[in-house]
Structures are given as structure tokens and as C-alpha cells.
Amino acid sequence: MKKALTIAGSDSSGGAGIQADLKAFAANGVFGMSVITAVTAQNTQGVFAVQDIDPAVIAKQIEAVFEDIAVDAVKIGMVSQIETIETIAAGLKKYQARNVVVDPVMVSKSGYHLLNPAAESKLTALLLPLATVVTPNIPEAEVITGMKITSLKDMEEAAKMIHRFGPQNVLLKGGHRADDATDILFDGNTFRYFSSPRIATANTHGTGCTLSAAIAANLARGYAVYDAVALAKEYITTAIAHALAIGKGVGPTHHFYDLYKKAGVFIDE
Ligand SMILES: Nc1ncnc2c1ncn2[C@@H]1O[C@H](COP(=O)(O)OP(=O)(O)O)[C@@H](O)[C@H]1O
Ligand SMILES: Cc1ncc(COP(=O)(O)O)c(N)n1
């Protein structure tokens, strides 16, 4: 079985972060492992506290995994602080990690800064060059590029600018626009579009985490980047279409819809 590692923050409500990644790994057929960068006290309504993990302990988690197990892909999510980013970059280089998907998580849907704004340029400088695919949403792409993004043309322009920071591929997600949910993949030469109708739902907690983890799982299984993204886009669309109205706020995506359906489990219980 292929093995994927998530390096990210814990979401106590299970909808985003490490928890979403491990569910997406399992549902996409890979063995999931985790390096926890921060513990958040979070639910569908907001983020209430964050404890960043000591960088020495992050380094040890990375070491414990890579010294023992062959890692087929890595997904990076919430990275909190400058020292966290430096530690992760050093670890990925030391172990020559491959199939690295960087989700440049900055601000939660509830408006909480999961990345210290002082660390934004560090993330761009140290993690983007190590990425096989970087997956910014529109607000993150605006921070990375400094440009305002409204149209698909703007998204293409921003993807080009982000590519100059060194990732092999940029997947600029269009979830935050009003139109169809169109994501753009740029490999330095060609733009490819992944589109789905916008699903009318309030429950989109963890969509970015889920998508990037599914891409990492597909890369671990040997899919080329385009196919890994195409399959992950199908996965996230199904997961959003059947998102769960859990909690009082923005509910999580449904990771096991297809499996539950096959098993005859009453999925909306
Ligand atoms: N309402 C929606 N309907 C269909 N797809 C969506 C919807 N919202 C987001 N997506 C898709 O979910 C994925 C995550 O996108 P986005 O919400 O932009 O990321 P993030 O969670 O990082 O803010 C993308 O593929 C995006 O197109
Ligand atoms: C620990 C953690 N990591 C990431 C996110 C972003 O979630 P989203 O995918 O909804 O933007 C989050 N809310 N919490």
C-alpha cells in the first residue's frame, strides 16, 4: 500500500486539517501518517485557541516517519510560524521528499489567522520551491502575488506569478468566486481547467484540505499531476455535494460517501 504523510494542524471538530487529510487519504486508498504542527480548538463556528507545536518536536515527528517508512507523497497544510516553516523545509530537503503538495493555508473560513502574517513570505520562499503542486485559494493567491483576483484571466495571471516562486505546478482554486467552481492548473507552459457547477451549500469546512490531501494520495499512487488533480476534483465535488450539516456553523465535507453508499449505510443520518 502506498503511504502519504500530512504535515498540518489538528482541527478538533474533524472537518479540516490533519483529520480531513487522514480521512481523504483513507478514502483515496493510501496509508495515512501525520506530523502535527499545531493544535487548534476549533469547530464549525470558529477557531478559539491555537497551540503551536515546538519546532524540535515537529522535526522529531518528521524524522520518526522518514527514518522508518518510505513516504510516497507529502501534503503540507497549516504551518503557523516562521520556525515551523524552516523546520519543515529542512526536513523535506534532508529526506528528499517527493510528490509534495503544499496547501498554503493562511486564514480559516471563519477569519482566524492560522498562519502568522509575518510568516507569509517565508512560506512562499521556503515551501513553494519544494512543491510538486501548490494549491492556493484566491485570497491566498492575492497575498502571494499582491494582485487582486476577480476574473479567470486574473487567475491565470496570478498562477503565472506564483509559478515563478519555484513550484512545478500551480493549482489556483476558484472556490471563492461567484461563478462555477473552476480551478486552474499551470505547469509553466499550459493552463488546464477543472470545472464543476457551484454547489449551493453552507458546508464547506475543510474543502481545501480535502482537495490537497486527495491530490497527494493520487500522486502517491503513481498518477501524473493532471490525472491526480482531475480525480481529486471529482472527489471534492462529491464530498461537497454530500457535505454534512454537522454543528451550528460551516459543516464538513463527506469523505466516505461512495463507500457508505456501496455498503448501504444511511449516509445522511
Ligand atoms: N460551493 C462549491 N461548489 C463546488 N465546488 C466548490 C465549492 N466551493 C469550493 N469548491 C471547490 O472546492 C475546492 C476547494 O476550493 P476553495 O474553497 O477555493 O479552497 P479553500 O478551502 O482553500 O478556501 C476547489 O476545487 C473548489 O473549486
Ligand atoms: C487546522 C486547520 N487547518 C486548515 C484549515 C483550513 O480549512 P479550509 O479547508 O476550510 O480552508 C483549518 N480550518 N484548520
# chains A, B, ... in the order shown; residues from 1 in each chain; ligands from 1
$ residues_around --residues "Val143 in chain A" --least-positions-apart "4" --cutoff "10 Å" --atoms "only C-alpha atoms" --output "PyMOL selection string"
chain A and resi 106+117+120-121+124+136+138-139+147-148
$ closest_atom_pairs --of "chain A" --to "ligand 1" --cutoff "9 Å" --atoms "only C-alpha atoms and all ligand atoms" --output "JSON lines"
{"residue": "A:Ala16", "atom": "CA", "partner": "ligand 1", "partner_atom_place_in_ligand_line": "21 (O)", "distance": 8.9}
{"residue": "A:Asp103", "atom": "CA", "partner": "ligand 1", "partner_atom_place_in_ligand_line": "22 (O)", "distance": 7.5}
{"residue": "A:Pro104", "atom": "CA", "partner": "ligand 1", "partner_atom_place_in_ligand_line": "22 (O)", "distance": 8.2}
{"residue": "A:Val105", "atom": "CA", "partner": "ligand 1", "partner_atom_place_in_ligand_line": "22 (O)", "distance": 6.9}
{"residue": "A:Met106", "atom": "CA", "partner": "ligand 1", "partner_atom_place_in_ligand_line": "22 (O)", "distance": 8.9}
{"residue": "A:Val107", "atom": "CA", "partner": "ligand 1", "partner_atom_place_in_ligand_line": "23 (O)", "distance": 8.7}
{"residue": "A:Ser108", "atom": "CA", "partner": "ligand 1", "partner_atom_place_in_ligand_line": "23 (O)", "distance": 7.9}
{"residue": "A:Lys109", "atom": "CA", "partner": "ligand 1", "partner_atom_place_in_ligand_line": "23 (O)", "distance": 6.9}
{"residue": "A:Thr135", "atom": "CA", "partner": "ligand 1", "partner_atom_place_in_ligand_line": "22 (O)", "distance": 7.6}
{"residue": "A:Pro136", "atom": "CA", "partner": "ligand 1", "partner_atom_place_in_ligand_line": "22 (O)", "distance": 6.4}
{"residue": "A:Asn137", "atom": "CA", "partner": "ligand 1", "partner_atom_place_in_ligand_line": "18 (O)", "distance": 4.5}
{"residue": "A:Ile138", "atom": "CA", "partner": "ligand 1", "partner_atom_place_in_ligand_line": "18 (O)", "distance": 6.5}
{"residue": "A:Pro139", "atom": "CA", "partner": "ligand 1", "partner_atom_place_in_ligand_line": "23 (O)", "distance": 8.0}
{"residue": "A:Glu140", "atom": "CA", "partner": "ligand 1", "partner_atom_place_in_ligand_line": "22 (O)", "distance": 8.2}
{"residue": "A:Leu172", "atom": "CA", "partner": "ligand 1", "partner_atom_place_in_ligand_line": "18 (O)", "distance": 8.0}
{"residue": "A:Lys173", "atom": "CA", "partner": "ligand 1", "partner_atom_place_in_ligand_line": "18 (O)", "distance": 4.6}
{"residue": "A:Gly174", "atom": "CA", "partner": "ligand 1", "partner_atom_place_in_ligand_line": "27 (O)", "distance": 4.8}
{"residue": "A:Gly175", "atom": "CA", "partner": "ligand 1", "partner_atom_place_in_ligand_line": "18 (O)", "distance": 3.2}
{"residue": "A:His176", "atom": "CA", "partner": "ligand 1", "partner_atom_place_in_ligand_line": "18 (O)", "distance": 5.0}
{"residue": "A:Arg177", "atom": "CA", "partner": "ligand 1", "partner_atom_place_in_ligand_line": "18 (O)", "distance": 7.9}
{"residue": "A:Ala178", "atom": "CA", "partner": "ligand 1", "partner_atom_place_in_ligand_line": "1 (N)", "distance": 9.0}
{"residue": "A:Asp180", "atom": "CA", "partner": "ligand 1", "partner_atom_place_in_ligand_line": "4 (C)", "distance": 7.3}
{"residue": "A:Ala181", "atom": "CA", "partner": "ligand 1", "partner_atom_place_in_ligand_line": "27 (O)", "distance": 4.0}
{"residue": "A:Thr182", "atom": "CA", "partner": "ligand 1", "partner_atom_place_in_ligand_line": "27 (O)", "distance": 5.2}
{"residue": "A:Asp183", "atom": "CA", "partner": "ligand 1", "partner_atom_place_in_ligand_line": "27 (O)", "distance": 5.4}
{"residue": "A:Phe194", "atom": "CA", "partner": "ligand 1", "partner_atom_place_in_ligand_line": "25 (O)", "distance": 7.8}
{"residue": "A:Ser195", "atom": "CA", "partner": "ligand 1", "partner_atom_place_in_ligand_line": "27 (O)", "distance": 7.1}
{"residue": "A:Ser196", "atom": "CA", "partner": "ligand 1", "partner_atom_place_in_ligand_line": "4 (C)", "distance": 6.0}
{"residue": "A:Pro197", "atom": "CA", "partner": "ligand 1", "partner_atom_place_in_ligand_line": "4 (C)", "distance": 5.9}
{"residue": "A:Arg198", "atom": "CA", "partner": "ligand 1", "partner_atom_place_in_ligand_line": "3 (N)", "distance": 3.7}
{"residue": "A:Ile199", "atom": "CA", "partner": "ligand 1", "partner_atom_place_in_ligand_line": "3 (N)", "distance": 3.7}
{"residue": "A:Ala200", "atom": "CA", "partner": "ligand 1", "partner_atom_place_in_ligand_line": "1 (N)", "distance": 5.6}
{"residue": "A:Thr201", "atom": "CA", "partner": "ligand 1", "partner_atom_place_in_ligand_line": "1 (N)", "distance": 6.1}
{"residue": "A:Ala202", "atom": "CA", "partner": "ligand 1", "partner_atom_place_in_ligand_line": "1 (N)", "distance": 7.9}
{"residue": "A:Asn203", "atom": "CA", "partner": "ligand 1", "partner_atom_place_in_ligand_line": "1 (N)", "distance": 8.4}
{"residue": "A:Thr204", "atom": "CA", "partner": "ligand 1", "partner_atom_place_in_ligand_line": "8 (N)", "distance": 6.3}
{"residue": "A:His205", "atom": "CA", "partner": "ligand 1", "partner_atom_place_in_ligand_line": "21 (O)", "distance": 7.0}
{"residue": "A:Gly206", "atom": "CA", "partner": "ligand 1", "partner_atom_place_in_ligand_line": "21 (O)", "distance": 5.7}
{"residue": "A:Thr207", "atom": "CA", "partner": "ligand 1", "partner_atom_place_in_ligand_line": "21 (O)", "distance": 4.3}
{"residue": "A:Gly208", "atom": "CA", "partner": "ligand 1", "partner_atom_place_in_ligand_line": "21 (O)", "distance": 3.3}
{"residue": "A:Cys209", "atom": "CA", "partner": "ligand 1", "partner_atom_place_in_ligand_line": "21 (O)", "distance": 6.4}
{"residue": "A:Thr210", "atom": "CA", "partner": "ligand 1", "partner_atom_place_in_ligand_line": "14 (C)", "distance": 7.7}
{"residue": "A:Leu211", "atom": "CA", "partner": "ligand 1", "partner_atom_place_in_ligand_line": "13 (C)", "distance": 5.9}
{"residue": "A:Ser212", "atom": "CA", "partner": "ligand 1", "partner_atom_place_in_ligand_line": "14 (C)", "distance": 8.4}
{"residue": "A:Ala232", "atom": "CA", "partner": "ligand 1", "partner_atom_place_in_ligand_line": "25 (O)", "distance": 8.2}
{"residue": "A:Lys233", "atom": "CA", "partner": "ligand 1", "partner_atom_place_in_ligand_line": "25 (O)", "distance": 5.6}
{"residue": "A:Glu234", "atom": "CA", "partner": "ligand 1", "partner_atom_place_in_ligand_line": "25 (O)", "distance": 8.6}
{"residue": "A:Ile236", "atom": "CA", "partner": "ligand 1", "partner_atom_place_in_ligand_line": "12 (O)", "distance": 6.0}
{"residue": "A:Thr237", "atom": "CA", "partner": "ligand 1", "partner_atom_place_in_ligand_line": "5 (N)", "distance": 5.5}
{"residue": "A:Thr238", "atom": "CA", "partner": "ligand 1", "partner_atom_place_in_ligand_line": "4 (C)", "distance": 8.8}
{"residue": "A:Ile240", "atom": "CA", "partner": "ligand 1", "partner_atom_place_in_ligand_line": "4 (C)", "distance": 6.5}
{"residue": "A:Ala241", "atom": "CA", "partner": "ligand 1", "partner_atom_place_in_ligand_line": "3 (N)", "distance": 7.4}
$ closest_residue --among "A:Ser151, A:Ser110, A:Gln96, A:Gln168" --to "ligand 2" --atoms "only C-alpha atoms and all ligand atoms"
A:Ser110
$ residues_around --residues "Arg221 in chain A" --least-positions-apart "4" --cutoff "12 Å" --atoms "only C-alpha atoms" --output "PDB file with N, CA and C atoms, in the first residue's frame"
ATOM      1  N   MET A   1       0.847  -1.195   0.000  1.00  0.00           N
ATOM      2  CA  MET A   1       0.000   0.000   0.000  1.00  0.00           C
ATOM      3  C   MET A   1       0.887   1.251   0.000  1.00  0.00           C
ATOM      4  N   LYS A   2       0.484   2.224  -0.775  1.00  0.00           N
ATOM      5  CA  LYS A   2       1.258   3.470  -0.808  1.00  0.00           C
ATOM      6  C   LYS A   2       1.001   4.259   0.472  1.00  0.00           C
ATOM      7  N   LYS A   3       1.967   5.119   0.799  1.00  0.00           N
ATOM      8  CA  LYS A   3       1.907   5.820   2.092  1.00  0.00           C
ATOM      9  C   LYS A   3       2.029   7.329   1.881  1.00  0.00           C
ATOM     10  N   ALA A   4       1.115   8.065   2.502  1.00  0.00           N
ATOM     11  CA  ALA A   4       1.140   9.526   2.376  1.00  0.00           C
ATOM     12  C   ALA A   4       1.219  10.156   3.758  1.00  0.00           C
ATOM     13  N   PHE A  25      -7.052  10.625   2.798  1.00  0.00           N
ATOM     14  CA  PHE A  25      -6.056   9.590   2.455  1.00  0.00           C
ATOM     15  C   PHE A  25      -6.726   8.218   2.451  1.00  0.00           C
ATOM     16  N   ASN A  28      -9.042   7.633  -0.345  1.00  0.00           N
ATOM     17  CA  ASN A  28      -8.384   7.583  -1.653  1.00  0.00           C
ATOM     18  C   ASN A  28      -7.325   6.493  -1.731  1.00  0.00           C
ATOM     19  N   GLY A  29      -7.394   5.554  -0.798  1.00  0.00           N
ATOM     20  CA  GLY A  29      -6.634   4.313  -0.953  1.00  0.00           C
ATOM     21  C   GLY A  29      -5.174   4.336  -0.553  1.00  0.00           C
ATOM     22  N   VAL A  30      -4.765   5.268   0.319  1.00  0.00           N
ATOM     23  CA  VAL A  30      -3.376   5.241   0.792  1.00  0.00           C
ATOM     24  C   VAL A  30      -3.334   5.180   2.319  1.00  0.00           C
ATOM     25  N   PHE A  31      -2.206   4.698   2.831  1.00  0.00           N
ATOM     26  CA  PHE A  31      -1.994   4.653   4.278  1.00  0.00           C
ATOM     27  C   PHE A  31      -1.570   6.046   4.739  1.00  0.00           C
ATOM     28  N   VAL A  71       8.015   7.244   2.278  1.00  0.00           N
ATOM     29  CA  VAL A  71       6.876   8.161   2.119  1.00  0.00           C
ATOM     30  C   VAL A  71       6.675   8.429   0.618  1.00  0.00           C
ATOM     31  N   ASP A  72       5.485   8.093   0.102  1.00  0.00           N
ATOM     32  CA  ASP A  72       5.244   8.235  -1.337  1.00  0.00           C
ATOM     33  C   ASP A  72       4.744   9.623  -1.725  1.00  0.00           C
ATOM     34  N   ALA A  73       4.190  10.344  -0.754  1.00  0.00           N
ATOM     35  CA  ALA A  73       3.749  11.724  -1.027  1.00  0.00           C
ATOM     36  C   ALA A  73       3.577  12.452   0.300  1.00  0.00           C
ATOM     37  N   ASN A  99       6.751  14.157  -4.470  1.00  0.00           N
ATOM     38  CA  ASN A  99       5.292  14.321  -4.550  1.00  0.00           C
ATOM     39  C   ASN A  99       4.776  15.185  -3.400  1.00  0.00           C
ATOM     40  N   ALA A 214      -6.274  14.724  -1.231  1.00  0.00           N
ATOM     41  CA  ALA A 214      -6.650  13.767  -2.287  1.00  0.00           C
ATOM     42  C   ALA A 214      -5.636  13.820  -3.432  1.00  0.00           C
ATOM     43  N   ILE A 215      -5.151  15.005  -3.762  1.00  0.00           N
ATOM     44  CA  ILE A 215      -4.121  15.108  -4.812  1.00  0.00           C
ATOM     45  C   ILE A 215      -2.872  14.340  -4.373  1.00  0.00           C
ATOM     46  N   ALA A 216      -2.453  14.545  -3.106  1.00  0.00           N
ATOM     47  CA  ALA A 216      -1.252  13.856  -2.596  1.00  0.00           C
ATOM     48  C   ALA A 216      -1.453  12.341  -2.643  1.00  0.00           C
ATOM     49  N   ALA A 217      -2.643  11.871  -2.257  1.00  0.00           N
ATOM     50  CA  ALA A 217      -2.917  10.427  -2.287  1.00  0.00           C
ATOM     51  C   ALA A 217      -2.787   9.897  -3.719  1.00  0.00           C
ATOM     52  N   VAL A 225       0.461  14.366 -12.555  1.00  0.00           N
ATOM     53  CA  VAL A 225      -0.153  15.516 -11.878  1.00  0.00           C
ATOM     54  C   VAL A 225      -1.553  15.827 -12.423  1.00  0.00           C
ATOM     55  N   ASP A 227      -3.787  13.969 -13.916  1.00  0.00           N
ATOM     56  CA  ASP A 227      -4.772  12.943 -13.526  1.00  0.00           C
ATOM     57  C   ASP A 227      -5.035  12.980 -12.026  1.00  0.00           C
ATOM     58  N   ALA A 228      -3.970  13.230 -11.249  1.00  0.00           N
ATOM     59  CA  ALA A 228      -4.117  13.305  -9.783  1.00  0.00           C
ATOM     60  C   ALA A 228      -5.075  14.439  -9.420  1.00  0.00           C
ATOM     61  N   LEU A 231      -8.844  13.583 -10.680  1.00  0.00           N
ATOM     62  CA  LEU A 231      -9.521  12.642  -9.779  1.00  0.00           C
ATOM     63  C   LEU A 231      -9.868  13.312  -8.454  1.00  0.00           C
TER      64      LEU A 231
END
$ atom_distance --atom1 "CA of Lys93 in chain A" --atom2 "atom 10 (O, counted along the ligand's line) of ligand 2"
28.0 Å
$ select_by_dssp --residues "range 43-252 of chain A" --states "alpha helix (DSSP H)" --output "ChimeraX atom specification"
/A:55-68,82-94,120-122,138-145,152-163,207-220,225-241
$ residues_around --residues "Ile162 in chain A" --least-positions-apart "3" --cutoff "8 Å" --atoms "only C-alpha atoms" --output "list of chain:residue names"
A:Ala141, A:Ile144, A:Thr145, A:Ala158, A:Ala159, A:Phe165, A:Gly166, A:Pro167, A:Val170
$ residues_around --residues "Lys160 in chain A" --least-positions-apart "3" --cutoff "9 Å" --atoms "only C-alpha atoms" --output "NGL selection string"
:A and (155-157 or 163-164 or 170 or 186-188)
$ write_last_selection --atoms "C-alpha atoms" --output "short mmCIF file (atom, residue, chain, number, x, y, z; two decimals), in the first residue's frame"
data_model
loop_
_atom_site.label_atom_id
_atom_site.label_comp_id
_atom_site.auth_asym_id
_atom_site.auth_seq_id
_atom_site.Cartn_x
_atom_site.Cartn_y
_atom_site.Cartn_z
CA MET A 155 -6.39 33.71 -12.03
CA GLU A 156 -4.19 32.77 -14.99
CA GLU A 157 -2.00 35.84 -14.42
CA HIS A 163 4.89 29.60 -10.66
CA ARG A 164 7.92 31.92 -10.63
CA VAL A 170 0.19 25.76 -9.50
CA PHE A 186 -0.46 25.82 -14.62
CA ASP A 187 2.72 23.80 -15.22
CA GLY A 188 4.83 26.66 -16.53
#
$ select_by_dssp --residues "range 7-252 of chain A" --states "strand (DSSP E)" --output "PyMOL selection string"
chain A and resi 7-11+31-42+47-52+73-76+100-102+133-134+169-172+181-186+191-196
$ write_last_selection --atoms "N, CA and C atoms" --output "short mmCIF file (atom, residue, chain, number, x, y, z; two decimals), in the first residue's frame"
data_model
loop_
_atom_site.label_atom_id
_atom_site.label_comp_id
_atom_site.auth_asym_id
_atom_site.auth_seq_id
_atom_site.Cartn_x
_atom_site.Cartn_y
_atom_site.Cartn_z
N ILE A 7 1.49 17.02 6.92
CA ILE A 7 2.15 17.88 7.90
C ILE A 7 1.22 19.07 8.05
N ALA A 8 0.47 19.13 9.15
CA ALA A 8 -0.60 20.13 9.23
C ALA A 8 -1.08 20.30 10.67
N GLY A 9 -2.09 21.13 10.84
CA GLY A 9 -2.64 21.39 12.16
C GLY A 9 -3.83 20.50 12.46
N SER A 10 -4.08 20.27 13.74
CA SER A 10 -5.23 19.46 14.16
C SER A 10 -6.48 20.33 14.29
N ASP A 11 -7.59 19.85 13.77
CA ASP A 11 -8.90 20.53 13.92
C ASP A 11 -9.76 19.65 14.81
N PHE A 31 -2.21 4.70 2.83
CA PHE A 31 -1.99 4.65 4.28
C PHE A 31 -1.57 6.05 4.74
N GLY A 32 -2.30 6.61 5.70
CA GLY A 32 -2.04 7.99 6.11
C GLY A 32 -1.19 8.09 7.36
N MET A 33 -0.28 9.05 7.36
CA MET A 33 0.58 9.34 8.53
C MET A 33 0.52 10.85 8.77
N SER A 34 0.88 11.27 10.01
CA SER A 34 0.74 12.70 10.29
C SER A 34 1.88 13.26 11.13
N VAL A 35 2.24 14.50 10.79
CA VAL A 35 3.13 15.32 11.61
C VAL A 35 2.30 16.53 12.02
N ILE A 36 2.08 16.70 13.32
CA ILE A 36 1.20 17.79 13.78
C ILE A 36 2.01 19.05 14.07
N THR A 37 1.62 20.14 13.41
CA THR A 37 2.34 21.41 13.54
C THR A 37 1.74 22.32 14.61
N ALA A 38 0.42 22.13 14.84
CA ALA A 38 -0.30 22.98 15.79
C ALA A 38 -1.58 22.27 16.19
N VAL A 39 -2.04 22.55 17.39
CA VAL A 39 -3.34 22.01 17.83
C VAL A 39 -4.31 23.19 17.89
N THR A 40 -5.41 23.10 17.16
CA THR A 40 -6.40 24.17 17.25
C THR A 40 -7.62 23.69 18.03
N ALA A 41 -8.20 24.60 18.81
CA ALA A 41 -9.51 24.36 19.41
C ALA A 41 -10.48 25.00 18.44
N GLN A 42 -11.20 24.18 17.70
CA GLN A 42 -11.96 24.68 16.54
C GLN A 42 -13.24 23.89 16.40
N VAL A 47 -12.41 29.34 15.32
CA VAL A 47 -11.18 28.85 15.93
C VAL A 47 -11.02 29.62 17.24
N PHE A 48 -10.85 28.90 18.34
CA PHE A 48 -10.90 29.55 19.65
C PHE A 48 -9.56 29.58 20.38
N ALA A 49 -8.63 28.71 19.99
CA ALA A 49 -7.29 28.73 20.57
C ALA A 49 -6.36 27.93 19.67
N VAL A 50 -5.09 28.30 19.70
CA VAL A 50 -4.08 27.55 18.94
C VAL A 50 -2.85 27.35 19.80
N GLN A 51 -2.35 26.13 19.85
CA GLN A 51 -1.07 25.85 20.49
C GLN A 51 -0.12 25.37 19.39
N ASP A 52 0.90 26.18 19.10
CA ASP A 52 1.88 25.74 18.11
C ASP A 52 2.78 24.68 18.75
N ALA A 73 4.19 10.34 -0.75
CA ALA A 73 3.75 11.72 -1.03
C ALA A 73 3.58 12.45 0.30
N VAL A 74 3.71 13.78 0.23
CA VAL A 74 3.56 14.61 1.43
C VAL A 74 2.59 15.74 1.11
N LYS A 75 1.66 15.99 2.03
CA LYS A 75 0.79 17.15 1.92
C LYS A 75 1.11 18.09 3.08
N ILE A 76 1.28 19.37 2.78
CA ILE A 76 1.56 20.35 3.83
C ILE A 76 0.38 21.31 3.95
N VAL A 100 5.29 16.41 -3.35
CA VAL A 100 4.93 17.31 -2.24
C VAL A 100 3.81 18.26 -2.69
N VAL A 101 2.69 18.22 -1.97
CA VAL A 101 1.58 19.13 -2.26
C VAL A 101 1.53 20.17 -1.14
N VAL A 102 1.70 21.43 -1.49
CA VAL A 102 1.68 22.49 -0.48
C VAL A 102 0.36 23.25 -0.59
N VAL A 133 3.02 20.40 -6.44
CA VAL A 133 1.82 21.20 -6.71
C VAL A 133 1.57 22.11 -5.51
N VAL A 134 1.32 23.39 -5.77
CA VAL A 134 0.89 24.30 -4.71
C VAL A 134 -0.57 24.66 -4.99
N ASN A 169 4.03 22.93 -10.30
CA ASN A 169 2.66 23.20 -10.79
C ASN A 169 1.92 24.08 -9.80
N VAL A 170 1.06 24.94 -10.35
CA VAL A 170 0.19 25.76 -9.50
C VAL A 170 -1.25 25.36 -9.79
N LEU A 171 -2.00 25.02 -8.75
CA LEU A 171 -3.44 24.80 -8.91
C LEU A 171 -4.13 25.93 -8.16
N LEU A 172 -4.61 26.92 -8.92
CA LEU A 172 -5.29 28.05 -8.29
C LEU A 172 -6.79 27.73 -8.21
N ALA A 181 -17.33 26.54 -9.92
CA ALA A 181 -16.11 26.27 -9.15
C ALA A 181 -15.03 25.79 -10.12
N THR A 182 -14.30 26.76 -10.69
CA THR A 182 -13.27 26.45 -11.69
C THR A 182 -11.90 26.64 -11.09
N ASP A 183 -11.08 25.58 -11.14
CA ASP A 183 -9.70 25.64 -10.67
C ASP A 183 -8.79 25.61 -11.91
N ILE A 184 -7.65 26.33 -11.82
CA ILE A 184 -6.74 26.40 -12.97
C ILE A 184 -5.40 25.78 -12.60
N LEU A 185 -4.95 24.84 -13.43
CA LEU A 185 -3.63 24.21 -13.22
C LEU A 185 -2.64 24.78 -14.23
N PHE A 186 -1.49 25.26 -13.73
CA PHE A 186 -0.46 25.82 -14.62
C PHE A 186 0.86 25.12 -14.33
N PHE A 191 -2.14 26.11 -19.45
CA PHE A 191 -3.23 26.22 -18.46
C PHE A 191 -4.25 25.12 -18.72
N ARG A 192 -4.67 24.43 -17.66
CA ARG A 192 -5.74 23.46 -17.80
C ARG A 192 -6.82 23.80 -16.77
N TYR A 193 -8.04 23.60 -17.17
CA TYR A 193 -9.17 23.98 -16.33
C TYR A 193 -9.87 22.76 -15.75
N PHE A 194 -10.25 22.85 -14.50
CA PHE A 194 -11.07 21.81 -13.86
C PHE A 194 -12.32 22.53 -13.32
N SER A 195 -13.45 22.15 -13.88
CA SER A 195 -14.65 22.91 -13.56
C SER A 195 -15.75 22.02 -13.01
N SER A 196 -16.50 22.56 -12.05
CA SER A 196 -17.72 21.86 -11.64
C SER A 196 -18.76 22.94 -11.35
#
$ residues_around --residues "Leu259 in chain A" --least-positions-apart "4" --cutoff "12 Å" --atoms "only C-alpha atoms" --output "NGL selection string"
:A and (26-29 or 238-239 or 254-255 or 263-267)
$ closest_residue --among "A:Tyr235, A:Ala20, A:Leu126, A:Tyr95" --to "Asp68 in chain A" --atoms "only C-alpha atoms"
A:Tyr95
$ decode --residues "range 216-231 of chain A" --atoms "N, CA, C and O atoms" --output "PDB file, in the first residue's frame"
ATOM      1  N   ALA A 216      -2.453  14.545  -3.106  1.00  0.00           N
ATOM      2  CA  ALA A 216      -1.252  13.856  -2.596  1.00  0.00           C
ATOM      3  C   ALA A 216      -1.453  12.341  -2.643  1.00  0.00           C
ATOM      4  O   ALA A 216      -0.542  11.605  -3.054  1.00  0.00           O
ATOM      5  N   ALA A 217      -2.643  11.871  -2.257  1.00  0.00           N
ATOM      6  CA  ALA A 217      -2.917  10.427  -2.287  1.00  0.00           C
ATOM      7  C   ALA A 217      -2.787   9.897  -3.719  1.00  0.00           C
ATOM      8  O   ALA A 217      -2.181   8.847  -3.953  1.00  0.00           O
ATOM      9  N   ASN A 218      -3.320  10.642  -4.664  1.00  0.00           N
ATOM     10  CA  ASN A 218      -3.262  10.190  -6.064  1.00  0.00           C
ATOM     11  C   ASN A 218      -1.836  10.199  -6.600  1.00  0.00           C
ATOM     12  O   ASN A 218      -1.438   9.310  -7.347  1.00  0.00           O
ATOM     13  N   LEU A 219      -1.050  11.203  -6.206  1.00  0.00           N
ATOM     14  CA  LEU A 219       0.366  11.225  -6.618  1.00  0.00           C
ATOM     15  C   LEU A 219       1.094  10.020  -6.005  1.00  0.00           C
ATOM     16  O   LEU A 219       1.908   9.377  -6.665  1.00  0.00           O
ATOM     17  N   ALA A 220       0.803   9.733  -4.735  1.00  0.00           N
ATOM     18  CA  ALA A 220       1.436   8.584  -4.062  1.00  0.00           C
ATOM     19  C   ALA A 220       1.129   7.298  -4.827  1.00  0.00           C
ATOM     20  O   ALA A 220       1.981   6.415  -4.942  1.00  0.00           O
ATOM     21  N   ARG A 221      -0.072   7.213  -5.376  1.00  0.00           N
ATOM     22  CA  ARG A 221      -0.480   6.001  -6.096  1.00  0.00           C
ATOM     23  C   ARG A 221       0.075   5.966  -7.515  1.00  0.00           C
ATOM     24  O   ARG A 221      -0.167   5.004  -8.244  1.00  0.00           O
ATOM     25  N   GLY A 222       0.808   7.006  -7.907  1.00  0.00           N
ATOM     26  CA  GLY A 222       1.507   6.961  -9.191  1.00  0.00           C
ATOM     27  C   GLY A 222       0.839   7.707 -10.325  1.00  0.00           C
ATOM     28  O   GLY A 222       1.309   7.666 -11.458  1.00  0.00           O
ATOM     29  N   TYR A 223      -0.252   8.410 -10.042  1.00  0.00           N
ATOM     30  CA  TYR A 223      -0.886   9.201 -11.105  1.00  0.00           C
ATOM     31  C   TYR A 223      -0.024  10.409 -11.467  1.00  0.00           C
ATOM     32  O   TYR A 223       0.625  11.000 -10.599  1.00  0.00           O
ATOM     33  N   ALA A 224      -0.036  10.777 -12.734  1.00  0.00           N
ATOM     34  CA  ALA A 224       0.617  12.013 -13.174  1.00  0.00           C
ATOM     35  C   ALA A 224      -0.174  13.193 -12.596  1.00  0.00           C
ATOM     36  O   ALA A 224      -1.347  13.037 -12.216  1.00  0.00           O
ATOM     37  N   VAL A 225       0.461  14.366 -12.555  1.00  0.00           N
ATOM     38  CA  VAL A 225      -0.153  15.516 -11.878  1.00  0.00           C
ATOM     39  C   VAL A 225      -1.553  15.827 -12.423  1.00  0.00           C
ATOM     40  O   VAL A 225      -2.498  15.991 -11.648  1.00  0.00           O
ATOM     41  N   TYR A 226      -1.699  15.879 -13.742  1.00  0.00           N
ATOM     42  CA  TYR A 226      -3.009  16.238 -14.299  1.00  0.00           C
ATOM     43  C   TYR A 226      -4.092  15.259 -13.836  1.00  0.00           C
ATOM     44  O   TYR A 226      -5.176  15.665 -13.401  1.00  0.00           O
ATOM     45  N   ASP A 227      -3.787  13.969 -13.916  1.00  0.00           N
ATOM     46  CA  ASP A 227      -4.772  12.943 -13.526  1.00  0.00           C
ATOM     47  C   ASP A 227      -5.035  12.980 -12.026  1.00  0.00           C
ATOM     48  O   ASP A 227      -6.170  12.791 -11.578  1.00  0.00           O
ATOM     49  N   ALA A 228      -3.970  13.230 -11.249  1.00  0.00           N
ATOM     50  CA  ALA A 228      -4.117  13.305  -9.783  1.00  0.00           C
ATOM     51  C   ALA A 228      -5.075  14.439  -9.420  1.00  0.00           C
ATOM     52  O   ALA A 228      -5.933  14.290  -8.543  1.00  0.00           O
ATOM     53  N   VAL A 229      -4.956  15.568 -10.123  1.00  0.00           N
ATOM     54  CA  VAL A 229      -5.831  16.717  -9.844  1.00  0.00           C
ATOM     55  C   VAL A 229      -7.247  16.436 -10.344  1.00  0.00           C
ATOM     56  O   VAL A 229      -8.227  16.718  -9.649  1.00  0.00           O
ATOM     57  N   ALA A 230      -7.365  15.842 -11.532  1.00  0.00           N
ATOM     58  CA  ALA A 230      -8.699  15.568 -12.098  1.00  0.00           C
ATOM     59  C   ALA A 230      -9.491  14.641 -11.171  1.00  0.00           C
ATOM     60  O   ALA A 230     -10.671  14.884 -10.885  1.00  0.00           O
ATOM     61  N   LEU A 231      -8.844  13.583 -10.680  1.00  0.00           N
ATOM     62  CA  LEU A 231      -9.521  12.642  -9.779  1.00  0.00           C
ATOM     63  C   LEU A 231      -9.868  13.312  -8.454  1.00  0.00           C
ATOM     64  O   LEU A 231     -10.939  13.078  -7.884  1.00  0.00           O
TER      65      LEU A 231
END
